[in-house]
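A.B. asks: Handing you this structure, nothing more for now.
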Amino acid sequence: MTEENRYLYHWLPKEKLEEFHATGLMRPYWTHYVLDEGRFVKGISTTDEPMGWVPDEGLTREPCLVIDRTKIDHGIHAISSSEAFHLTREIRRLKRAKKDIEPAIKGRWRTRETSRWTPDEYFIEGPITWDAVVAIGFEDDGKRSTKPIVEGTRGIADERGLAVIDMSGWRVGDPGVMETDEIVEEAMTAAADVNRHPKP
């Protein structure tokens with residue numbers, strides 16, 4: 001976790017956003033073996049670099065939840081998504097074969113010692129509720145297919161009194177982590193003003 005960054009980002013399909021809106025609860029849906037914890041962890045993947053996880057060009061744009069990590073009561077694990085993916089797959093293979101997993105774990109620690117390890121994922125261990133969500137972002141690529149996503153995002157944000165952030169044109173590192181925090185907080189202030197003084 002970086003000291004500078006407060007907000008985490010989670011892209012999800014429009015249908016999942018609608019489901020979350022209806023139920024108020026997003027349950028953990030992915031399992032990683034987290035090396036630093038020495039165990040399997042079931043959680044939700046988020047990142048502090050929103051555009052690192054944006055859908056690839058040509059794919060349908062998705063809404064993006066902006067999560068205040070200080071409002072998460074359970075564990076948040078800084079992990080390398082690649083390391084976690086490969087280690088989890090290897091440990092599961094060994095377990096199916098009823099083989100010892102310790103050599104794989106020790107091998108991964110050795111690799112960590114001799115290579116640059118940088119977390120690119122913040123794995124939230126446990127569910128997310130709307131109490132932790134401060135804004136919803138979207139990308140508008142100007143295509144007709146994007147219009148319902150943008151409108152749906154704005155509608156849910158409006159119903160929940162949340163800020164909306166237009167992330168169109170954002171790139172990895174631009175805006176940077178410090179800037180994204182400022183953008184989120186400015187959007188939250190603007191949304192709070194609108195909620196205090198709604199249009200007649």
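Convention: chains lettered A, B, ... in structure tokens order; per-chain residue numbering from 1; ligands numbered from 1 as shown.
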Write out as a PyMOL selection string the set of residues from stretch 77-138 of chain A that DSSP, computed on the backbone, places in helix (DSSP H, G or I).

C.D. replies: chain A and resi 81-96+102-114+130-132

A.B. asks: Go through stretch 17-97 of chain A residue by residue and, counting only C-alpha atoms, keep those with an atom at most 10 Å from stretch 118-133 of chain A; for each kept residue give the shortest atom pair and its distance in Å to one decimal, ordered by chain and increasing number, as CSV.

C.D. replies:
residue,atom,partner,partner_atom,distance
A:Phe20,CA,A:Thr129,CA,8.4
A:His21,CA,A:Trp130,CA,8.2
A:Thr23,CA,A:Thr129,CA,9.3
A:Gly24,CA,A:Thr129,CA,5.8
A:Leu25,CA,A:Thr129,CA,4.9
A:Met26,CA,A:Ile128,CA,5.1
A:Arg27,CA,A:Pro127,CA,4.5
A:Pro28,CA,A:Pro127,CA,5.5
A:Tyr29,CA,A:Pro127,CA,9.1
A:Trp30,CA,A:Phe123,CA,9.3
A:Thr31,CA,A:Glu125,CA,9.5
A:His32,CA,A:Phe123,CA,8.8
A:Val34,CA,A:Phe123,CA,9.3
A:Val41,CA,A:Glu125,CA,6.6
A:Lys42,CA,A:Glu125,CA,5.9
A:Gly43,CA,A:Glu125,CA,4.3
A:Ile44,CA,A:Ile124,CA,5.1
A:Ser45,CA,A:Phe123,CA,4.8
A:Thr46,CA,A:Tyr122,CA,5.1
A:Thr47,CA,A:Glu121,CA,4.8
A:Asp48,CA,A:Glu121,CA,7.5
A:Glu49,CA,A:Asp120,CA,7.8
A:Gly52,CA,A:Asp120,CA,8.3
A:Trp53,CA,A:Glu121,CA,9.4
A:Leu65,CA,A:Val133,CA,6.6
A:Val66,CA,A:Val133,CA,5.7
A:Ile67,CA,A:Val133,CA,4.5
A:Asp68,CA,A:Ala132,CA,5.5
A:Arg69,CA,A:Ala132,CA,7.3
A:Thr70,CA,A:Ala132,CA,8.1
A:Lys71,CA,A:Ala132,CA,5.1
A:Ile72,CA,A:Ala132,CA,6.3
A:Asp73,CA,A:Gly126,CA,8.9
A:His74,CA,A:Glu125,CA,6.2
A:Gly75,CA,A:Glu125,CA,5.2
A:Ile76,CA,A:Ile124,CA,4.5
A:His77,CA,A:Phe123,CA,5.0
A:Ala78,CA,A:Tyr122,CA,4.7
A:Ile79,CA,A:Pro119,CA,4.7
A:Ser80,CA,A:Pro119,CA,4.4
A:Ser81,CA,A:Glu121,CA,6.0
A:Ser82,CA,A:Asp120,CA,8.9
A:Glu83,CA,A:Pro119,CA,9.4
A:Ala84,CA,A:Glu121,CA,9.8

A.B. asks: Have a look at A:Val164, A:Leu8, A:Leu35, A:Ala135 and name the one nearest to A:Phe85; count only C-alpha atoms.

C.D. replies: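 Nearest candidate to A:Phe85 out of A:Val164, A:Leu8, A:Leu35, A:Ala135: A:Leu35.
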
A.B. asks: Which of these, A:Gly137, A:Gly38, A:Pro50, A:Pro13, has the shortest distance to A:Arg171 once you count only C-alpha atoms?

C.D. replies: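 The shortest atom-to-atom distance to A:Arg171 comes from A:Pro50.
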
A.B. asks: Using atom CA of A:Ile149 and atom CA of A:Ser168 as the two end points, give the distance in Å to one decimal.

C.D. replies: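 For atom CA of A:Ile149 relative to atom CA of A:Ser168, the distance reads 12.9 Å.
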
A.B. asks: From the options A:Asp141, A:Val134, A:Trp117, A:Arg61, which residue's atoms come nearest to A:Ile183, counting only C-alpha atoms?

C.D. replies: A:Val134
